[in-house]
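Below you'll find the structure, written out as structure tokens, and then a few comments.
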Amino acid sequence: MGDTGAEPLSTEDCLRLLRAGTVGRIAVLDEGFPIVLPVNYRLVETSTLTWIAIRTRIGGVIDLAPINAAFEIDNIDVTHHEAWSVLARGTLQHIYADVDFRARFDPEPWVIDERDAWLAIDPFAITGRHLLPTAEEWTFHLSAYL
């Protein structure tokens, strides 16, 4: 394959991909060093806000993290050398949610034991890009002949 090009994704495309997903990675600081952890999430959209809601363990790394955070989702197609990535950067907020909020926006964590801390990333930027090959050197895949 030739060089790979990167095309920016529109904000609406980024939000569409965030709406469709359920698992991403949150990046926070832990004892002054970055740490990236997988989390279940739900995109919260109302007329006044767009948040990325997560549930985590009370007193855990994410619950105790400083305010600055990043969140990423992506998809990689190794065979076709194509990928996309969405990055949200913002502030991590504790949510003291009422029953209605919890019912509407529960990120439904796969591990539910003790996941009683509700947090949200309030993004100041949501960006994304689509990576795709710009030129093919071969019209076949070598593994098809081995």
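Letters A, B, ... go to the chains of the structure tokens in the order shown; residues in each chain start at 1; ligands are counted from 1 in the same order.
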Find the residues near A:Tyr96: any atom within 9 Å, counting only C-alpha atoms, skip ones fewer than 2 places away on the same chain, and give them as a PDB file with all heavy atoms, in the first residue's frame.
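This went into selection_16.pdb:
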```pdb
ATOM      1  N   HIS A  94     -18.094  15.437  38.030  1.00  0.00           N
ATOM      2  CA  HIS A  94     -18.914  14.470  38.754  1.00  0.00           C
ATOM      3  C   HIS A  94     -20.376  14.828  38.537  1.00  0.00           C
ATOM      4  O   HIS A  94     -20.742  15.999  38.556  1.00  0.00           O
ATOM      5  CB  HIS A  94     -18.573  14.478  40.245  1.00  0.00           C
ATOM      6  CG  HIS A  94     -17.279  13.787  40.533  1.00  0.00           C
ATOM      7  ND1 HIS A  94     -16.052  14.406  40.419  1.00  0.00           N
ATOM      8  CD2 HIS A  94     -17.021  12.507  40.902  1.00  0.00           C
ATOM      9  CE1 HIS A  94     -15.095  13.556  40.721  1.00  0.00           C
ATOM     10  NE2 HIS A  94     -15.653  12.393  41.010  1.00  0.00           N
ATOM     11  N   ASP A  98     -30.123  12.436  38.929  1.00  0.00           N
ATOM     12  CA  ASP A  98     -31.416  11.979  39.421  1.00  0.00           C
ATOM     13  C   ASP A  98     -31.801  10.706  38.678  1.00  0.00           C
ATOM     14  O   ASP A  98     -31.114  10.253  37.755  1.00  0.00           O
ATOM     15  CB  ASP A  98     -32.474  13.067  39.274  1.00  0.00           C
ATOM     16  CG  ASP A  98     -32.714  13.486  37.820  1.00  0.00           C
ATOM     17  OD1 ASP A  98     -32.348  12.725  36.896  1.00  0.00           O
ATOM     18  OD2 ASP A  98     -33.267  14.574  37.608  1.00  0.00           O
ATOM     19  N   ALA A 117     -20.032   5.725  40.777  1.00  0.00           N
ATOM     20  CA  ALA A 117     -19.591   7.097  40.547  1.00  0.00           C
ATOM     21  C   ALA A 117     -19.949   7.462  39.112  1.00  0.00           C
ATOM     22  O   ALA A 117     -19.493   6.824  38.166  1.00  0.00           O
ATOM     23  CB  ALA A 117     -18.086   7.234  40.784  1.00  0.00           C
ATOM     24  N   TRP A 118     -20.791   8.465  38.956  1.00  0.00           N
ATOM     25  CA  TRP A 118     -21.199   8.939  37.636  1.00  0.00           C
ATOM     26  C   TRP A 118     -20.355  10.154  37.293  1.00  0.00           C
ATOM     27  O   TRP A 118     -20.276  11.119  38.054  1.00  0.00           O
ATOM     28  CB  TRP A 118     -22.670   9.324  37.657  1.00  0.00           C
ATOM     29  CG  TRP A 118     -23.596   8.163  37.679  1.00  0.00           C
ATOM     30  CD1 TRP A 118     -23.761   7.260  38.691  1.00  0.00           C
ATOM     31  CD2 TRP A 118     -24.478   7.768  36.651  1.00  0.00           C
ATOM     32  NE1 TRP A 118     -24.698   6.324  38.350  1.00  0.00           N
ATOM     33  CE2 TRP A 118     -25.169   6.631  37.092  1.00  0.00           C
ATOM     34  CE3 TRP A 118     -24.769   8.276  35.388  1.00  0.00           C
ATOM     35  CZ2 TRP A 118     -26.120   5.979  36.329  1.00  0.00           C
ATOM     36  CZ3 TRP A 118     -25.728   7.635  34.623  1.00  0.00           C
ATOM     37  CH2 TRP A 118     -26.382   6.497  35.092  1.00  0.00           C
ATOM     38  N   LEU A 119     -19.716  10.109  36.127  1.00  0.00           N
ATOM     39  CA  LEU A 119     -18.900  11.227  35.669  1.00  0.00           C
ATOM     40  C   LEU A 119     -19.240  11.539  34.218  1.00  0.00           C
ATOM     41  O   LEU A 119     -19.795  10.702  33.503  1.00  0.00           O
ATOM     42  CB  LEU A 119     -17.410  10.908  35.778  1.00  0.00           C
ATOM     43  CG  LEU A 119     -16.899  10.749  37.208  1.00  0.00           C
ATOM     44  CD1 LEU A 119     -16.774   9.285  37.549  1.00  0.00           C
ATOM     45  CD2 LEU A 119     -15.579  11.439  37.370  1.00  0.00           C
TER      46      LEU A 119
END
```
Checklist line | Among the residues A:Ala88, A:Thr134, A:Ile54, A:Phe33, the one that comes closest to A:Ile73 [using only C-alpha atoms] | finding: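 Once distances to A:Ile73 are computed over only C-alpha atoms, the minimum belongs to A:Ala88.
For stretch 19-110 of chain A, backbone-based DSSP labels the following residues as alpha helix (DSSP H): A:Arg19, A:Ala20, A:Val99, A:Asp100, A:Phe101, A:Arg102, A:Ala103, A:Arg104, A:Phe105.
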Let's have the selection written as a PDB file, in the first residue's frame, with N, CA and C atoms.
```pdb
ATOM      1  N   ARG A  19     -22.401   8.591  19.030  1.00  0.00           N
ATOM      2  CA  ARG A  19     -23.748   8.072  19.328  1.00  0.00           C
ATOM      3  C   ARG A  19     -23.814   6.565  19.129  1.00  0.00           C
ATOM      4  N   ALA A  20     -23.126   6.066  18.115  1.00  0.00           N
ATOM      5  CA  ALA A  20     -23.218   4.650  17.751  1.00  0.00           C
ATOM      6  C   ALA A  20     -22.401   3.740  18.660  1.00  0.00           C
ATOM      7  N   VAL A  99     -32.904  10.125  39.068  1.00  0.00           N
ATOM      8  CA  VAL A  99     -33.340   8.847  38.510  1.00  0.00           C
ATOM      9  C   VAL A  99     -33.601   8.966  37.004  1.00  0.00           C
ATOM     10  N   ASP A 100     -34.193  10.073  36.569  1.00  0.00           N
ATOM     11  CA  ASP A 100     -34.499  10.253  35.154  1.00  0.00           C
ATOM     12  C   ASP A 100     -33.218  10.289  34.314  1.00  0.00           C
ATOM     13  N   PHE A 101     -32.210  11.020  34.775  1.00  0.00           N
ATOM     14  CA  PHE A 101     -30.943  11.093  34.053  1.00  0.00           C
ATOM     15  C   PHE A 101     -30.317   9.710  33.968  1.00  0.00           C
ATOM     16  N   ARG A 102     -30.290   8.997  35.073  1.00  0.00           N
ATOM     17  CA  ARG A 102     -29.683   7.660  35.092  1.00  0.00           C
ATOM     18  C   ARG A 102     -30.406   6.705  34.140  1.00  0.00           C
ATOM     19  N   ALA A 103     -31.718   6.784  34.089  1.00  0.00           N
ATOM     20  CA  ALA A 103     -32.484   5.899  33.211  1.00  0.00           C
ATOM     21  C   ALA A 103     -32.231   6.230  31.738  1.00  0.00           C
ATOM     22  N   ARG A 104     -32.112   7.496  31.405  1.00  0.00           N
ATOM     23  CA  ARG A 104     -31.944   7.923  30.010  1.00  0.00           C
ATOM     24  C   ARG A 104     -30.515   7.780  29.514  1.00  0.00           C
ATOM     25  N   PHE A 105     -29.531   7.975  30.379  1.00  0.00           N
ATOM     26  CA  PHE A 105     -28.156   8.084  29.921  1.00  0.00           C
ATOM     27  C   PHE A 105     -27.198   7.108  30.591  1.00  0.00           C
TER      28      PHE A 105
END
```
Checklist line | DSSP strand (DSSP E or B) selection over stretch 1-145 of chain A, as number ranges by chain | finding: A: 4-8, 23-30, 33-40, 42-45, 50-56, 68-77, 82-94, 117-133
Next item on the list: For atom CA of A:Pro133 and atom CA of A:Ala27, quote the distance in Å rounded to one decimal.
Entry: 28.2 Å
Checklist line | All residues 7 Å or closer to stretch 55-63 of chain A, only C-alpha atoms, same chain fewer than 2 positions away omitted, as JSON, numbers by chain | finding: {"A": [30, 65, 107, 109, 114, 115, 116, 117, 118, 119]}
Restrict the selected residues to C-alpha atoms and save them as a short mmCIF file (atom, residue, chain, number, x, y, z; two decimals), in the first residue's frame.
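Produced file selection.cif, reproduced below:
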```cif
data_model
loop_
_atom_site.label_atom_id
_atom_site.label_comp_id
_atom_site.auth_asym_id
_atom_site.auth_seq_id
_atom_site.Cartn_x
_atom_site.Cartn_y
_atom_site.Cartn_z
CA ASP A 30 -2.75 9.41 37.78
CA ALA A 65 -8.59 12.01 38.49
CA PRO A 107 -23.64 3.90 29.94
CA PRO A 109 -20.89 -0.73 32.16
CA GLU A 114 -19.45 -0.93 42.60
CA ARG A 115 -19.80 1.33 39.52
CA ASP A 116 -21.66 4.02 41.44
CA ALA A 117 -19.59 7.10 40.55
CA TRP A 118 -21.20 8.94 37.64
CA LEU A 119 -18.90 11.23 35.67
#
```
Check: Near A:Ala83, counting only C-alpha atoms, which residues have an atom at most 12 Å away, once you skip same-chain residues fewer than 5 positions from it, shown as a list in words?
Finding: Thr4, Gly5, Ala6, Glu7, Pro8, Leu9, Ile73, Asp74, Asn75, Ile76, Asp77, Val78, Gly128, Arg129, His130, Leu131, Leu132 and Pro133 of chain A
Residue selection dump (N, CA, C and O atoms) as a CSV table (one decimal), in the first residue's frame:
```
chain,number,residue,atom,x,y,z
A,4,THR,N,-0.6,6.9,3.5
A,4,THR,CA,-1.9,7.0,4.0
A,4,THR,C,-2.2,8.5,4.1
A,4,THR,O,-1.4,9.2,4.6
A,5,GLY,N,-3.4,8.8,3.7
A,5,GLY,CA,-3.9,10.2,3.9
A,5,GLY,C,-4.9,10.3,5.1
A,5,GLY,O,-5.5,9.3,5.5
A,6,ALA,N,-5.0,11.5,5.6
A,6,ALA,CA,-5.9,11.7,6.7
A,6,ALA,C,-6.8,12.9,6.3
A,6,ALA,O,-6.4,13.9,5.9
A,7,GLU,N,-8.1,12.6,6.5
A,7,GLU,CA,-9.1,13.5,6.2
A,7,GLU,C,-9.8,13.9,7.5
A,7,GLU,O,-10.2,13.0,8.2
A,8,PRO,N,-10.0,15.2,7.8
A,8,PRO,CA,-10.8,15.5,9.0
A,8,PRO,C,-12.2,15.1,8.9
A,8,PRO,O,-12.8,15.1,7.8
A,9,LEU,N,-12.8,14.6,10.0
A,9,LEU,CA,-14.2,14.3,10.1
A,9,LEU,C,-14.9,15.6,10.6
A,9,LEU,O,-14.4,16.3,11.4
A,73,ILE,N,-12.6,7.2,20.7
A,73,ILE,CA,-13.1,6.0,20.1
A,73,ILE,C,-12.5,5.9,18.7
A,73,ILE,O,-12.0,6.8,18.1
A,74,ASP,N,-12.3,4.6,18.2
A,74,ASP,CA,-11.8,4.5,16.9
A,74,ASP,C,-12.2,3.1,16.3
A,74,ASP,O,-12.8,2.3,17.0
A,75,ASN,N,-11.8,3.0,15.1
A,75,ASN,CA,-12.0,1.7,14.4
A,75,ASN,C,-10.9,1.5,13.4
A,75,ASN,O,-10.6,2.5,12.7
A,76,ILE,N,-10.3,0.4,13.3
A,76,ILE,CA,-9.2,0.1,12.5
A,76,ILE,C,-9.4,-1.1,11.6
A,76,ILE,O,-9.7,-2.2,12.1
A,77,ASP,N,-9.3,-0.9,10.3
A,77,ASP,CA,-9.4,-2.0,9.3
A,77,ASP,C,-8.0,-2.3,8.8
A,77,ASP,O,-7.5,-1.6,7.9
A,78,VAL,N,-7.3,-3.2,9.4
A,78,VAL,CA,-5.9,-3.5,9.1
A,78,VAL,C,-5.8,-4.1,7.6
A,78,VAL,O,-4.9,-3.7,6.9
A,128,GLY,N,-12.0,14.6,14.8
A,128,GLY,CA,-11.8,13.3,14.3
A,128,GLY,C,-11.1,13.3,13.0
A,128,GLY,O,-11.0,14.4,12.3
A,129,ARG,N,-10.7,12.1,12.6
A,129,ARG,CA,-10.1,12.0,11.3
A,129,ARG,C,-10.3,10.6,10.7
A,129,ARG,O,-10.5,9.7,11.5
A,130,HIS,N,-10.3,10.6,9.4
A,130,HIS,CA,-10.5,9.3,8.7
A,130,HIS,C,-9.2,9.1,8.0
A,130,HIS,O,-8.7,9.9,7.2
A,131,LEU,N,-8.5,7.9,8.2
A,131,LEU,CA,-7.3,7.6,7.6
A,131,LEU,C,-7.6,6.5,6.5
A,131,LEU,O,-8.3,5.6,6.7
A,132,LEU,N,-7.1,6.8,5.3
A,132,LEU,CA,-7.3,5.9,4.2
A,132,LEU,C,-6.1,5.9,3.3
A,132,LEU,O,-5.4,6.9,3.2
A,133,PRO,N,-5.9,4.8,2.6
A,133,PRO,CA,-4.8,4.7,1.7
A,133,PRO,C,-5.0,5.7,0.5
A,133,PRO,O,-6.1,5.8,0.0
```
Margin query: I'd like the contact shell of A:Arg25 - 12 Å cut-off, only C-alpha atoms, skipping same-chain residues fewer than 6 positions apart - returned as a ChimeraX atom specification.
Written below: /A:35-41,52,54,62,69-74,85-89,121
Same residues, N, CA and C atoms, output as a compact mmCIF listing (two decimals), in the first residue's frame:
```
# COMPACT_ATOMS: atom_id res chain seq x y z
N ILE A 35 -2.67 8.04 32.05
CA ILE A 35 -3.13 6.65 32.03
C ILE A 35 -4.36 6.60 31.13
N VAL A 36 -4.48 5.54 30.35
CA VAL A 36 -5.59 5.37 29.43
C VAL A 36 -6.31 4.09 29.81
N LEU A 37 -7.63 4.20 30.01
CA LEU A 37 -8.41 3.06 30.48
C LEU A 37 -9.66 2.87 29.62
N PRO A 38 -10.03 1.62 29.33
CA PRO A 38 -11.27 1.39 28.59
C PRO A 38 -12.47 1.62 29.50
N VAL A 39 -13.53 2.20 28.91
CA VAL A 39 -14.77 2.45 29.66
C VAL A 39 -15.96 2.29 28.73
N ASN A 40 -17.08 1.92 29.31
CA ASN A 40 -18.35 2.02 28.60
C ASN A 40 -18.80 3.47 28.73
N TYR A 41 -19.49 3.96 27.72
CA TYR A 41 -19.92 5.35 27.75
C TYR A 41 -21.27 5.51 27.05
N ILE A 52 -20.09 13.23 27.54
CA ILE A 52 -19.80 11.81 27.42
C ILE A 52 -19.87 11.26 28.84
N ILE A 54 -19.96 8.41 31.83
CA ILE A 54 -19.38 7.12 32.22
C ILE A 54 -19.75 6.83 33.67
N ILE A 62 -10.28 6.85 37.90
CA ILE A 62 -11.05 7.83 37.14
C ILE A 62 -11.81 8.75 38.08
N ALA A 69 -9.31 15.83 30.97
CA ALA A 69 -9.44 14.46 30.49
C ALA A 69 -9.58 14.46 28.97
N ALA A 70 -9.32 13.32 28.39
CA ALA A 70 -9.55 13.10 26.96
C ALA A 70 -10.27 11.76 26.81
N PHE A 71 -10.98 11.62 25.71
CA PHE A 71 -11.74 10.41 25.44
C PHE A 71 -11.61 10.10 23.96
N GLU A 72 -11.39 8.81 23.63
CA GLU A 72 -11.22 8.44 22.24
C GLU A 72 -12.01 7.18 21.91
N ILE A 73 -12.56 7.17 20.70
CA ILE A 73 -13.10 5.96 20.09
C ILE A 73 -12.46 5.85 18.72
N ASP A 74 -12.35 4.63 18.22
CA ASP A 74 -11.78 4.47 16.89
C ASP A 74 -12.17 3.12 16.31
N SER A 85 -10.86 7.86 13.78
CA SER A 85 -10.66 8.12 15.20
C SER A 85 -11.39 9.40 15.58
N VAL A 86 -12.02 9.38 16.75
CA VAL A 86 -12.68 10.57 17.29
C VAL A 86 -12.07 10.85 18.66
N LEU A 87 -11.70 12.09 18.88
CA LEU A 87 -11.09 12.51 20.14
C LEU A 87 -11.89 13.65 20.73
N ALA A 88 -12.28 13.49 21.99
CA ALA A 88 -12.95 14.56 22.74
C ALA A 88 -12.03 14.98 23.87
N ARG A 89 -11.76 16.27 23.97
CA ARG A 89 -10.95 16.80 25.07
C ARG A 89 -11.81 17.75 25.87
N ILE A 121 -17.53 13.78 30.73
CA ILE A 121 -16.57 14.68 30.12
C ILE A 121 -17.38 15.76 29.43
```
